[in-house]
>>> print(open('start_7.txt').read())   # compact mmCIF, C-alpha atoms and all ligand atoms
# COMPACT_ATOMS: atom_id res chain seq x y z
CA MET A 1 -16.07 23.60 -0.84
CA ASN A 2 -15.27 20.13 0.45
CA SER A 3 -13.29 20.03 3.72
CA VAL A 4 -11.45 16.82 2.76
CA TYR A 5 -10.35 18.39 -0.52
CA ASP A 6 -9.39 21.65 1.21
CA LYS A 7 -7.16 19.75 3.60
CA LEU A 8 -5.60 17.88 0.70
CA GLN A 9 -4.86 21.12 -1.17
CA ASN A 10 -3.35 22.52 2.00
CA CYS A 11 -1.02 19.53 2.33
CA LEU A 12 -0.02 19.85 -1.33
CA HIS A 13 0.76 23.52 -0.82
CA CYS A 14 2.90 22.63 2.21
CA VAL A 15 4.83 19.95 0.24
CA ARG A 16 5.32 22.29 -2.71
CA LYS A 17 6.93 24.87 -0.43
CA MET A 18 9.57 22.21 0.41
CA THR A 19 10.11 20.43 -2.92
CA ASP A 20 9.04 20.59 -6.56
CA PHE A 21 9.91 16.91 -7.10
CA VAL A 22 7.39 15.23 -9.43
CA PRO A 23 7.20 11.44 -8.89
CA GLU A 24 5.94 9.04 -11.56
CA VAL A 25 5.47 6.16 -9.15
CA ALA A 26 4.27 6.23 -5.54
CA ILE A 27 5.35 3.30 -3.39
CA VAL A 28 3.77 2.59 0.00
CA LEU A 29 6.02 0.46 2.20
CA GLY A 30 4.21 -1.95 4.50
CA SER A 31 5.03 -2.98 8.07
CA GLY A 32 8.65 -4.06 8.37
CA LEU A 33 9.37 -3.22 4.72
CA GLY A 34 10.46 0.39 5.27
CA ASP A 35 14.15 -0.44 4.74
CA TYR A 36 13.39 -0.64 1.04
CA ALA A 37 13.67 3.15 0.95
CA ASP A 38 17.46 2.80 1.50
CA THR A 39 17.79 1.18 -1.93
CA ILE A 40 16.61 4.22 -3.87
CA ASP A 41 18.77 7.16 -4.91
CA ILE A 42 17.36 9.58 -2.32
CA LYS A 43 17.04 13.26 -3.24
CA TYR A 44 14.75 14.63 -0.58
CA GLU A 45 12.81 13.59 2.52
CA ILE A 46 9.82 15.15 4.25
CA ASP A 47 8.70 14.04 7.71
CA TYR A 48 4.94 13.68 7.77
CA SER A 49 4.91 15.86 10.88
CA ALA A 50 6.24 18.77 8.77
CA ILE A 51 3.07 18.73 6.65
CA ASP A 52 0.23 20.68 8.19
CA GLY A 53 -2.79 18.45 8.84
CA PHE A 54 -1.08 15.27 7.63
CA PRO A 55 -1.99 12.11 9.62
CA VAL A 56 0.99 10.78 11.58
CA SER A 57 1.27 7.10 12.56
CA THR A 58 1.35 5.96 16.17
CA VAL A 59 2.50 2.37 15.47
CA PRO A 60 6.05 1.31 16.42
CA GLY A 61 8.00 0.52 13.23
CA HIS A 62 5.96 2.97 11.14
CA ALA A 63 8.31 5.96 11.17
CA GLY A 64 6.59 8.44 8.96
CA LYS A 65 8.19 10.20 6.04
CA PHE A 66 7.98 10.73 2.31
CA ILE A 67 11.20 9.82 0.54
CA PHE A 68 11.72 11.28 -2.93
CA GLY A 69 14.31 9.85 -5.25
CA TYR A 70 15.09 7.69 -8.25
CA ILE A 71 14.91 4.01 -9.11
CA ASP A 72 17.22 3.96 -12.13
CA ASN A 73 16.06 7.20 -13.76
CA ILE A 74 12.43 6.90 -12.67
CA PRO A 75 11.29 9.53 -10.15
CA VAL A 76 9.50 7.90 -7.23
CA VAL A 77 8.06 8.86 -3.88
CA CYS A 78 8.13 6.25 -1.12
CA MET A 79 5.94 6.35 1.94
CA LYS A 80 7.93 4.96 4.84
CA GLY A 81 5.07 4.35 7.24
CA ARG A 82 1.35 4.80 6.74
CA VAL A 83 -1.56 5.43 9.05
CA HIS A 84 -4.23 2.84 9.69
CA TYR A 85 -7.94 3.16 10.33
CA TYR A 86 -7.54 1.39 13.70
CA GLU A 87 -5.45 4.27 14.99
CA GLY A 88 -8.66 6.26 15.16
CA TYR A 89 -8.27 8.38 12.04
CA ASP A 90 -11.22 8.97 9.79
CA VAL A 91 -10.88 6.86 6.65
CA SER A 92 -10.67 10.06 4.58
CA GLU A 93 -7.46 10.85 6.47
CA VAL A 94 -6.13 7.34 5.93
CA VAL A 95 -6.32 7.90 2.15
CA LEU A 96 -5.14 11.51 2.20
CA PRO A 97 -1.49 10.50 1.51
CA THR A 98 -2.57 8.44 -1.51
CA ARG A 99 -4.46 11.35 -3.01
CA LEU A 100 -1.63 13.71 -2.15
CA MET A 101 0.89 11.59 -4.06
CA MET A 102 -1.45 11.64 -7.06
CA LEU A 103 -1.58 15.43 -6.87
CA MET A 104 2.23 15.51 -6.66
CA GLY A 105 2.17 13.80 -10.06
CA ALA A 106 2.30 10.05 -9.40
CA LYS A 107 0.44 8.04 -12.05
CA ILE A 108 1.13 4.61 -10.54
CA LEU A 109 0.55 3.48 -6.97
CA PHE A 110 2.59 0.46 -5.83
CA LEU A 111 1.07 -0.76 -2.56
CA THR A 112 2.84 -3.16 -0.23
CA ASN A 113 1.85 -4.62 3.12
CA ALA A 114 2.43 -7.35 5.65
CA ALA A 115 -0.45 -9.80 5.68
CA GLY A 116 -1.64 -12.98 7.30
CA GLY A 117 -1.79 -15.97 4.97
CA VAL A 118 -5.33 -17.36 4.71
CA ASN A 119 -4.67 -19.68 1.76
CA THR A 120 -3.48 -23.01 3.20
CA SER A 121 -0.68 -23.31 0.61
CA PHE A 122 1.01 -20.07 1.80
CA HIS A 123 4.06 -19.88 4.08
CA ALA A 124 5.50 -17.09 6.22
CA GLY A 125 7.94 -15.10 4.09
CA ASP A 126 6.05 -15.70 0.81
CA LEU A 127 5.35 -12.74 -1.45
CA MET A 128 1.87 -12.47 -2.98
CA LEU A 129 0.79 -10.47 -6.01
CA ILE A 130 -2.55 -8.84 -5.16
CA LYS A 131 -4.99 -9.70 -7.95
CA ASP A 132 -8.13 -8.31 -6.34
CA HIS A 133 -9.43 -7.28 -2.96
CA ILE A 134 -12.33 -7.69 -0.55
CA SER A 135 -13.33 -4.32 0.88
CA VAL A 136 -16.61 -5.16 2.55
CA PHE A 137 -15.13 -5.40 6.08
CA ALA A 138 -13.47 -1.98 5.92
CA PRO A 139 -15.12 1.44 5.68
CA ASN A 140 -15.32 2.80 2.15
CA PRO A 141 -12.99 5.80 1.78
CA LEU A 142 -15.33 7.47 -0.73
CA ILE A 143 -18.23 7.82 1.72
CA GLY A 144 -19.19 11.48 2.08
CA PRO A 145 -19.71 14.17 -0.53
CA ASN A 146 -17.95 13.13 -3.74
CA ILE A 147 -14.82 15.10 -4.58
CA ASP A 148 -15.60 15.76 -8.23
CA GLU A 149 -12.11 17.18 -8.81
CA LEU A 150 -10.72 13.69 -8.08
CA GLY A 151 -13.22 11.31 -9.64
CA VAL A 152 -16.78 10.20 -10.17
CA ARG A 153 -19.41 9.38 -7.54
CA PHE A 154 -19.73 5.69 -8.44
CA PRO A 155 -16.33 4.54 -9.69
CA ASP A 156 -15.97 1.15 -11.35
CA MET A 157 -13.86 -1.32 -9.35
CA SER A 158 -13.81 -4.23 -11.80
CA SER A 159 -10.06 -4.04 -12.35
CA VAL A 160 -8.50 -2.06 -9.51
CA TYR A 161 -5.15 -3.83 -9.88
CA ASP A 162 -3.86 -2.88 -13.31
CA ARG A 163 -3.52 -5.97 -15.51
CA GLU A 164 -0.40 -4.72 -17.31
CA LEU A 165 1.36 -3.88 -14.05
CA GLN A 166 0.43 -7.32 -12.71
CA ALA A 167 1.94 -8.89 -15.82
CA VAL A 168 5.17 -6.94 -15.32
CA ILE A 169 5.44 -8.03 -11.68
CA ARG A 170 4.70 -11.65 -12.58
CA ARG A 171 7.31 -11.63 -15.36
CA THR A 172 9.86 -9.88 -13.16
CA ALA A 173 9.40 -12.50 -10.44
CA ALA A 174 9.90 -15.33 -12.96
CA GLU A 175 13.00 -13.71 -14.49
CA ASN A 176 14.55 -13.24 -11.06
CA ASN A 177 13.64 -16.70 -9.71
CA ILE A 178 11.40 -15.16 -7.07
CA PHE A 179 8.56 -17.41 -6.03
CA LEU A 180 5.36 -15.36 -6.20
CA GLN A 181 1.99 -16.39 -4.85
CA GLU A 182 -1.11 -14.66 -6.20
CA GLY A 183 -4.44 -13.94 -4.61
CA ASN A 184 -7.15 -11.78 -3.14
CA TYR A 185 -6.40 -9.53 -0.19
CA ALA A 186 -9.05 -8.59 2.39
CA GLN A 187 -8.75 -5.53 4.61
CA LEU A 188 -10.26 -5.77 8.07
CA THR A 189 -10.17 -2.86 10.47
CA GLY A 190 -7.95 -4.42 13.16
CA PRO A 191 -6.26 -3.71 15.49
CA SER A 192 -7.06 -7.13 16.96
CA PHE A 193 -6.00 -10.02 14.78
CA GLU A 194 -8.83 -12.18 13.46
CA SER A 195 -10.34 -15.17 15.22
CA PRO A 196 -9.92 -18.63 13.66
CA ALA A 197 -13.63 -18.62 12.77
CA GLU A 198 -13.20 -15.31 10.95
CA ILE A 199 -10.27 -16.74 9.02
CA ARG A 200 -12.38 -19.74 7.97
CA LEU A 201 -15.10 -17.29 6.88
CA LEU A 202 -12.59 -15.28 4.83
CA ARG A 203 -11.24 -18.42 3.17
CA THR A 204 -14.80 -19.41 2.21
CA LEU A 205 -15.19 -15.99 0.63
CA GLY A 206 -12.16 -16.50 -1.59
CA CYS A 207 -9.67 -14.50 0.44
CA ASP A 208 -5.99 -15.54 0.30
CA ALA A 209 -4.40 -12.94 2.57
CA VAL A 210 -5.69 -10.61 5.27
CA GLY A 211 -4.43 -7.34 6.66
CA MET A 212 -5.35 -3.94 8.03
CA SER A 213 -4.46 -1.61 5.17
CA THR A 214 -4.15 -1.28 1.39
CA VAL A 215 -7.73 -1.74 0.18
CA VAL A 216 -8.95 1.72 1.18
CA GLU A 217 -5.86 3.21 -0.49
CA ALA A 218 -6.44 1.14 -3.63
CA ILE A 219 -10.07 2.33 -3.82
CA ALA A 220 -9.10 5.98 -3.37
CA ALA A 221 -6.32 5.64 -5.96
CA ASN A 222 -8.63 3.98 -8.46
CA HIS A 223 -11.20 6.73 -7.87
CA CYS A 224 -8.66 9.43 -8.73
CA GLY A 225 -7.37 7.65 -11.83
CA MET A 226 -4.11 6.09 -10.65
CA ARG A 227 -2.94 2.74 -11.95
CA VAL A 228 -2.60 0.44 -8.94
CA CYS A 229 -0.57 -2.67 -8.16
CA GLY A 230 0.29 -4.41 -4.93
CA ILE A 231 2.36 -7.04 -3.19
CA SER A 232 1.73 -8.62 0.21
CA CYS A 233 4.52 -10.06 2.30
CA ILE A 234 2.97 -13.00 4.12
CA SER A 235 4.25 -12.49 7.65
CA ASN A 236 2.40 -15.31 9.35
CA LEU A 237 -0.23 -17.92 8.79
CA ALA A 238 -3.52 -16.39 9.89
CA ALA A 239 -5.20 -17.18 13.21
CA GLY A 240 -5.86 -20.83 13.90
CA MET A 241 -3.55 -22.05 11.11
CA GLY A 242 -0.26 -22.15 13.01
CA GLU A 243 0.88 -23.36 16.41
CA ARG A 244 1.73 -19.99 17.95
CA PRO A 245 -0.49 -17.08 18.96
CA LEU A 246 -0.02 -14.11 16.61
CA CYS A 247 2.15 -11.15 17.53
CA HIS A 248 3.37 -7.98 15.83
CA GLU A 249 7.05 -9.01 16.22
CA GLU A 250 6.76 -11.88 13.76
CA VAL A 251 5.72 -9.35 11.09
CA GLN A 252 9.24 -7.85 11.26
CA GLU A 253 10.90 -11.30 11.29
CA ALA A 254 9.08 -12.38 8.12
CA ALA A 255 9.72 -9.03 6.45
CA ASP A 256 13.45 -9.42 7.16
CA MET A 257 13.34 -12.90 5.66
CA ALA A 258 11.59 -11.61 2.53
CA ALA A 259 13.55 -8.33 2.26
CA PRO A 260 16.12 -9.32 -0.44
CA ARG A 261 13.39 -10.80 -2.68
CA PHE A 262 11.04 -7.92 -1.95
CA LYS A 263 13.66 -5.29 -2.82
CA ARG A 264 14.56 -6.99 -6.06
CA LEU A 265 10.96 -7.55 -7.09
CA VAL A 266 9.89 -3.95 -6.42
CA THR A 267 12.95 -2.36 -8.05
CA GLU A 268 12.99 -4.57 -11.14
CA SER A 269 9.21 -4.27 -11.56
CA VAL A 270 9.32 -0.47 -11.42
CA LYS A 271 12.11 -0.54 -14.02
CA GLY A 272 9.89 -2.81 -16.12
CA PHE A 273 6.83 -0.56 -15.99
CA GLY A 274 8.03 1.12 -19.19
CA LEU A 275 8.14 4.69 -17.84
N1 LIG B 301 -4.07 -10.46 10.25
C1 LIG B 301 -4.26 -9.15 9.96
N2 LIG B 301 -3.28 -8.34 9.65
C2 LIG B 301 -2.04 -8.84 9.60
C3 LIG B 301 -1.77 -10.19 9.88
C4 LIG B 301 -2.86 -11.05 10.22
O1 LIG B 301 -2.70 -12.25 10.48
N3 LIG B 301 -0.43 -10.36 9.74
C5 LIG B 301 0.09 -9.15 9.38
N4 LIG B 301 -0.88 -8.23 9.30
>>> encode(input="start_7.txt", output="structure tokens", more="lines below")
Ligand code: HPA
Amino acid sequence: MNSVYDKLQNCLHCVRKMTDFVPEVAIVLGSGLGDYADTIDIKYEIDYSAIDGFPVSTVPGHAGKFIFGYIDNIPVVCMKGRVHYYEGYDVSEVVLPTRLMMLMGAKILFLTNAAGGVNTSFHAGDLMLIKDHISVFAPNPLIGPNIDELGVRFPDMSSVYDRELQAVIRRTAAENNIFLQEGNYAQLTGPSFESPAEIRLLRTLGCDAVGMSTVVEAIAANHCGMRVCGISCISNLAAGMGERPLCHEEVQEAADMAAPRFKRLVTESVKGFGL
């Protein structure tokens, strides 16, 4: 047996003792965006710490719980808080929640994050539809024995971000007069922010936004057959592009600025997914 899969089954068993809620959509709320959970019709909550073996975040502002409820009549599970690789967890633990939500029943994974803007036309507070990602600076979450129960050894990654879901998000933004950037997101390990030279490197590589999450989750979700989509909230211009040094506090400021647009875009997009 595979120890990663055993742990996952254990977590599922633990959740199932608390709730039999079956979500259609799993939503991961990025830094500063956790308040979104208040907009759903909440039925049940589970603190991550109540799930045996579940990774619990150490970052301020990443309170950790699963929130089960409805957007309209669509059953969803929201992750308020996620763990990051830089906290010292193995990458298999970082993607455990993603796989767990798939096993709970979620077919769609809606990833969100706070990111630094690398594209020179971006501004703090912009929302960006993730069209593709750059994973080469982060550890691959599928390293290790393949979990055949979840997916194949060499999964295709040529369209990780589901084209139809992207189209729904794009249309929803247009219908609601929400300005939406689009681009490629790169995950670096963090926890230090990038240097200006690294940002220039990333821009040369075709990266539009940079952060410390999301890509490993998208890879794991794609591996286990989920349809994936994602939005970045641009919290700052990346290193060397603005006047000020970077700090974690501005992530919350930008998220607050984007919150009304973010809430509307996520809610109306989920309603538009045709579930
Ligand atoms: N770099 C990496 N991660 C981030 C940033 C950034 O500039 N902003 C928010 N998350």
>>> residues_near_ligand(input="start_7.txt", ligand="ligand LIG 301 (chain B)", cutoff="9 Å", atoms="all atoms listed in the file", output="compact mmCIF listing (two decimals) with C-alpha atoms, in the frame of the given file")
# COMPACT_ATOMS: atom_id res chain seq x y z
CA SER A 31 5.03 -2.98 8.07
CA ASN A 113 1.85 -4.62 3.12
CA ALA A 114 2.43 -7.35 5.65
CA ALA A 115 -0.45 -9.80 5.68
CA GLY A 116 -1.64 -12.98 7.30
CA GLY A 117 -1.79 -15.97 4.97
CA VAL A 118 -5.33 -17.36 4.71
CA ALA A 186 -9.05 -8.59 2.39
CA GLN A 187 -8.75 -5.53 4.61
CA LEU A 188 -10.26 -5.77 8.07
CA THR A 189 -10.17 -2.86 10.47
CA GLY A 190 -7.95 -4.42 13.16
CA PRO A 191 -6.26 -3.71 15.49
CA SER A 192 -7.06 -7.13 16.96
CA PHE A 193 -6.00 -10.02 14.78
CA GLU A 194 -8.83 -12.18 13.46
CA ILE A 199 -10.27 -16.74 9.02
CA ALA A 209 -4.40 -12.94 2.57
CA VAL A 210 -5.69 -10.61 5.27
CA GLY A 211 -4.43 -7.34 6.66
CA MET A 212 -5.35 -3.94 8.03
CA SER A 213 -4.46 -1.61 5.17
CA CYS A 233 4.52 -10.06 2.30
CA ILE A 234 2.97 -13.00 4.12
CA SER A 235 4.25 -12.49 7.65
CA ASN A 236 2.40 -15.31 9.35
CA LEU A 237 -0.23 -17.92 8.79
CA ALA A 238 -3.52 -16.39 9.89
CA ALA A 239 -5.20 -17.18 13.21
CA LEU A 246 -0.02 -14.11 16.61
CA CYS A 247 2.15 -11.15 17.53
CA HIS A 248 3.37 -7.98 15.83
CA GLU A 250 6.76 -11.88 13.76
CA VAL A 251 5.72 -9.35 11.09
>>> atom_distance(input="start_7.txt", atom1="CA of Arg227 in chain A", atom2="CA of Phe110 in chain A")
8.6 Å
>>> residues_around(input="start_7.txt", residues="Ile134 in chain A", least_positions_apart="3", cutoff="9 Å", atoms="only C-alpha atoms", output="short mmCIF file (atom, residue, chain, number, x, y, z; two decimals) with C-alpha atoms, in the coordinates of the input")
data_model
loop_
_atom_site.label_atom_id
_atom_site.label_comp_id
_atom_site.auth_asym_id
_atom_site.auth_seq_id
_atom_site.Cartn_x
_atom_site.Cartn_y
_atom_site.Cartn_z
CA PHE A 137 -15.13 -5.40 6.08
CA ALA A 138 -13.47 -1.98 5.92
CA ASN A 184 -7.15 -11.78 -3.14
CA TYR A 185 -6.40 -9.53 -0.19
CA ALA A 186 -9.05 -8.59 2.39
CA GLN A 187 -8.75 -5.53 4.61
CA LEU A 205 -15.19 -15.99 0.63
CA GLY A 206 -12.16 -16.50 -1.59
CA CYS A 207 -9.67 -14.50 0.44
CA VAL A 215 -7.73 -1.74 0.18
#
>>> atom_distance(input="start_7.txt", atom1="CA of Pro23 in chain A", atom2="CA of Met104 in chain A")
6.8 Å
>>> atom_distance(input="start_7.txt", atom1="CA of Pro139 in chain A", atom2="CA of Val95 in chain A")
11.5 Å
>>> closest_residue(input="start_7.txt", among="A:Ala50, A:Val76, A:Val4, A:Ala26", to="Val228 in chain A", atoms="all atoms listed in the file")
A:Ala26
>>> residues_around(input="start_7.txt", residues="Met257 in chain A", least_positions_apart="5", cutoff="9 Å", atoms="all atoms listed in the file", output="PDB file with C-alpha atoms, in the frame of the given file")
ATOM      1  CA  ALA A 124       5.500 -17.090   6.220  1.00  0.00           C
ATOM      2  CA  GLY A 125       7.940 -15.100   4.090  1.00  0.00           C
ATOM      3  CA  GLN A 252       9.240  -7.850  11.260  1.00  0.00           C
TER       4      GLN A 252
END
>>> decode(input="start_7.txt", residues="range 46-153 of chain A", atoms="C-alpha atoms", output="PDB file, in the first residue's frame")
ATOM      1  CA  ILE A  46     -14.764  21.240   9.917  1.00  0.00           C
ATOM      2  CA  ASP A  47     -11.571  22.649  11.431  1.00  0.00           C
ATOM      3  CA  TYR A  48      -8.567  21.100   9.740  1.00  0.00           C
ATOM      4  CA  SER A  49      -7.220  20.274  13.194  1.00  0.00           C
ATOM      5  CA  ALA A  50     -10.194  17.918  13.714  1.00  0.00           C
ATOM      6  CA  ILE A  51      -9.018  15.733  10.825  1.00  0.00           C
ATOM      7  CA  ASP A  52      -6.397  13.211  11.834  1.00  0.00           C
ATOM      8  CA  GLY A  53      -3.158  13.739   9.895  1.00  0.00           C
ATOM      9  CA  PHE A  54      -4.422  16.789   8.007  1.00  0.00           C
ATOM     10  CA  PRO A  55      -1.781  19.519   7.427  1.00  0.00           C
ATOM     11  CA  VAL A  56      -2.574  22.680   9.406  1.00  0.00           C
ATOM     12  CA  SER A  57      -1.326  26.112   8.288  1.00  0.00           C
ATOM     13  CA  THR A  58       1.044  28.194  10.394  1.00  0.00           C
ATOM     14  CA  VAL A  59       0.614  31.457   8.443  1.00  0.00           C
ATOM     15  CA  PRO A  60      -1.292  34.369  10.038  1.00  0.00           C
ATOM     16  CA  GLY A  61      -4.497  34.996   8.050  1.00  0.00           C
ATOM     17  CA  HIS A  62      -4.765  31.350   6.964  1.00  0.00           C
ATOM     18  CA  ALA A  63      -7.268  30.089   9.546  1.00  0.00           C
ATOM     19  CA  GLY A  64      -7.859  26.548   8.518  1.00  0.00           C
ATOM     20  CA  LYS A  65     -11.254  25.004   7.947  1.00  0.00           C
ATOM     21  CA  PHE A  66     -13.451  23.322   5.377  1.00  0.00           C
ATOM     22  CA  ILE A  67     -16.749  25.117   4.904  1.00  0.00           C
ATOM     23  CA  PHE A  68     -19.564  23.113   3.316  1.00  0.00           C
ATOM     24  CA  GLY A  69     -22.591  24.845   1.896  1.00  0.00           C
ATOM     25  CA  TYR A  70     -24.456  26.057  -1.151  1.00  0.00           C
ATOM     26  CA  ILE A  71     -23.950  28.698  -3.816  1.00  0.00           C
ATOM     27  CA  ASP A  72     -27.505  28.945  -5.130  1.00  0.00           C
ATOM     28  CA  ASN A  73     -28.373  25.236  -5.095  1.00  0.00           C
ATOM     29  CA  ILE A  74     -24.869  24.022  -5.934  1.00  0.00           C
ATOM     30  CA  PRO A  75     -23.127  22.100  -3.142  1.00  0.00           C
ATOM     31  CA  VAL A  76     -19.618  23.432  -2.580  1.00  0.00           C
ATOM     32  CA  VAL A  77     -16.747  22.975  -0.174  1.00  0.00           C
ATOM     33  CA  CYS A  78     -14.531  25.984   0.515  1.00  0.00           C
ATOM     34  CA  MET A  79     -11.050  25.761   1.936  1.00  0.00           C
ATOM     35  CA  LYS A  80     -10.507  28.766   4.163  1.00  0.00           C
ATOM     36  CA  GLY A  81      -6.742  28.584   4.450  1.00  0.00           C
ATOM     37  CA  ARG A  82      -4.297  26.226   2.782  1.00  0.00           C
ATOM     38  CA  VAL A  83      -0.843  24.982   3.637  1.00  0.00           C
ATOM     39  CA  HIS A  84       2.204  25.966   1.642  1.00  0.00           C
ATOM     40  CA  TYR A  85       5.345  24.065   0.766  1.00  0.00           C
ATOM     41  CA  TYR A  86       7.480  26.742   2.480  1.00  0.00           C
ATOM     42  CA  GLU A  87       5.951  25.831   5.832  1.00  0.00           C
ATOM     43  CA  GLY A  88       8.035  22.673   5.691  1.00  0.00           C
ATOM     44  CA  TYR A  89       5.367  20.187   4.664  1.00  0.00           C
ATOM     45  CA  ASP A  90       6.137  17.557   2.100  1.00  0.00           C
ATOM     46  CA  VAL A  91       4.517  18.475  -1.208  1.00  0.00           C
ATOM     47  CA  SER A  92       2.349  15.339  -0.958  1.00  0.00           C
ATOM     48  CA  GLU A  93       0.831  16.866   2.179  1.00  0.00           C
ATOM     49  CA  VAL A  94       0.331  20.216   0.463  1.00  0.00           C
ATOM     50  CA  VAL A  95      -1.907  18.497  -2.123  1.00  0.00           C
ATOM     51  CA  LEU A  96      -3.655  16.167   0.319  1.00  0.00           C
ATOM     52  CA  PRO A  97      -6.610  18.578   0.770  1.00  0.00           C
ATOM     53  CA  THR A  98      -7.096  18.789  -3.008  1.00  0.00           C
ATOM     54  CA  ARG A  99      -7.240  15.024  -3.343  1.00  0.00           C
ATOM     55  CA  LEU A 100      -9.461  14.766  -0.296  1.00  0.00           C
ATOM     56  CA  MET A 101     -12.024  17.150  -1.802  1.00  0.00           C
ATOM     57  CA  MET A 102     -12.029  15.027  -4.962  1.00  0.00           C
ATOM     58  CA  LEU A 103     -12.730  11.942  -2.859  1.00  0.00           C
ATOM     59  CA  MET A 104     -15.536  13.833  -1.100  1.00  0.00           C
ATOM     60  CA  GLY A 105     -17.115  14.143  -4.545  1.00  0.00           C
ATOM     61  CA  ALA A 106     -15.915  17.461  -6.003  1.00  0.00           C
ATOM     62  CA  LYS A 107     -15.589  17.357  -9.793  1.00  0.00           C
ATOM     63  CA  ILE A 108     -14.395  20.943 -10.214  1.00  0.00           C
ATOM     64  CA  LEU A 109     -11.545  22.683  -8.402  1.00  0.00           C
ATOM     65  CA  PHE A 110     -11.703  26.493  -8.327  1.00  0.00           C
ATOM     66  CA  LEU A 111      -8.291  27.741  -7.175  1.00  0.00           C
ATOM     67  CA  THR A 112      -7.683  31.285  -5.992  1.00  0.00           C
ATOM     68  CA  ASN A 113      -4.576  33.012  -4.699  1.00  0.00           C
ATOM     69  CA  ALA A 114      -2.853  36.297  -4.029  1.00  0.00           C
ATOM     70  CA  ALA A 115      -0.047  36.871  -6.483  1.00  0.00           C
ATOM     71  CA  GLY A 116       2.594  39.366  -7.463  1.00  0.00           C
ATOM     72  CA  GLY A 117       2.043  41.000 -10.844  1.00  0.00           C
ATOM     73  CA  VAL A 118       4.930  40.304 -13.228  1.00  0.00           C
ATOM     74  CA  ASN A 119       3.223  41.604 -16.371  1.00  0.00           C
ATOM     75  CA  THR A 120       3.977  45.343 -16.592  1.00  0.00           C
ATOM     76  CA  SER A 121       0.355  46.168 -17.517  1.00  0.00           C
ATOM     77  CA  PHE A 122      -1.010  44.750 -14.221  1.00  0.00           C
ATOM     78  CA  HIS A 123      -2.028  46.800 -11.173  1.00  0.00           C
ATOM     79  CA  ALA A 124      -2.522  45.903  -7.519  1.00  0.00           C
ATOM     80  CA  GLY A 125      -6.143  44.835  -7.041  1.00  0.00           C
ATOM     81  CA  ASP A 126      -6.508  43.382 -10.567  1.00  0.00           C
ATOM     82  CA  LEU A 127      -8.033  39.932 -10.960  1.00  0.00           C
ATOM     83  CA  MET A 128      -6.343  37.521 -13.377  1.00  0.00           C
ATOM     84  CA  LEU A 129      -7.804  34.432 -14.998  1.00  0.00           C
ATOM     85  CA  ILE A 130      -5.133  31.713 -14.883  1.00  0.00           C
ATOM     86  CA  LYS A 131      -4.719  30.343 -18.410  1.00  0.00           C
ATOM     87  CA  ASP A 132      -1.695  28.157 -17.764  1.00  0.00           C
ATOM     88  CA  HIS A 133       1.074  27.713 -15.247  1.00  0.00           C
ATOM     89  CA  ILE A 134       4.833  27.359 -14.872  1.00  0.00           C
ATOM     90  CA  SER A 135       5.637  24.570 -12.432  1.00  0.00           C
ATOM     91  CA  VAL A 136       9.354  24.141 -12.981  1.00  0.00           C
ATOM     92  CA  PHE A 137      10.380  26.157  -9.881  1.00  0.00           C
ATOM     93  CA  ALA A 138       8.191  24.148  -7.508  1.00  0.00           C
ATOM     94  CA  PRO A 139       8.488  20.480  -6.542  1.00  0.00           C
ATOM     95  CA  ASN A 140       6.211  18.189  -8.526  1.00  0.00           C
ATOM     96  CA  PRO A 141       3.486  16.788  -6.241  1.00  0.00           C
ATOM     97  CA  LEU A 142       3.377  13.505  -8.178  1.00  0.00           C
ATOM     98  CA  ILE A 143       6.975  12.536  -7.368  1.00  0.00           C
ATOM     99  CA  GLY A 144       7.048   9.199  -5.553  1.00  0.00           C
ATOM    100  CA  PRO A 145       5.237   5.951  -6.275  1.00  0.00           C
ATOM    101  CA  ASN A 146       2.223   6.679  -8.481  1.00  0.00           C
ATOM    102  CA  ILE A 147      -1.145   6.364  -6.775  1.00  0.00           C
ATOM    103  CA  ASP A 148      -2.881   4.317  -9.448  1.00  0.00           C
ATOM    104  CA  GLU A 149      -6.240   4.714  -7.689  1.00  0.00           C
ATOM    105  CA  LEU A 150      -6.031   8.461  -8.437  1.00  0.00           C
ATOM    106  CA  GLY A 151      -4.472   8.684 -11.877  1.00  0.00           C
ATOM    107  CA  VAL A 152      -1.799   7.657 -14.323  1.00  0.00           C
ATOM    108  CA  ARG A 153       1.982   7.825 -13.890  1.00  0.00           C
TER     109      ARG A 153
END
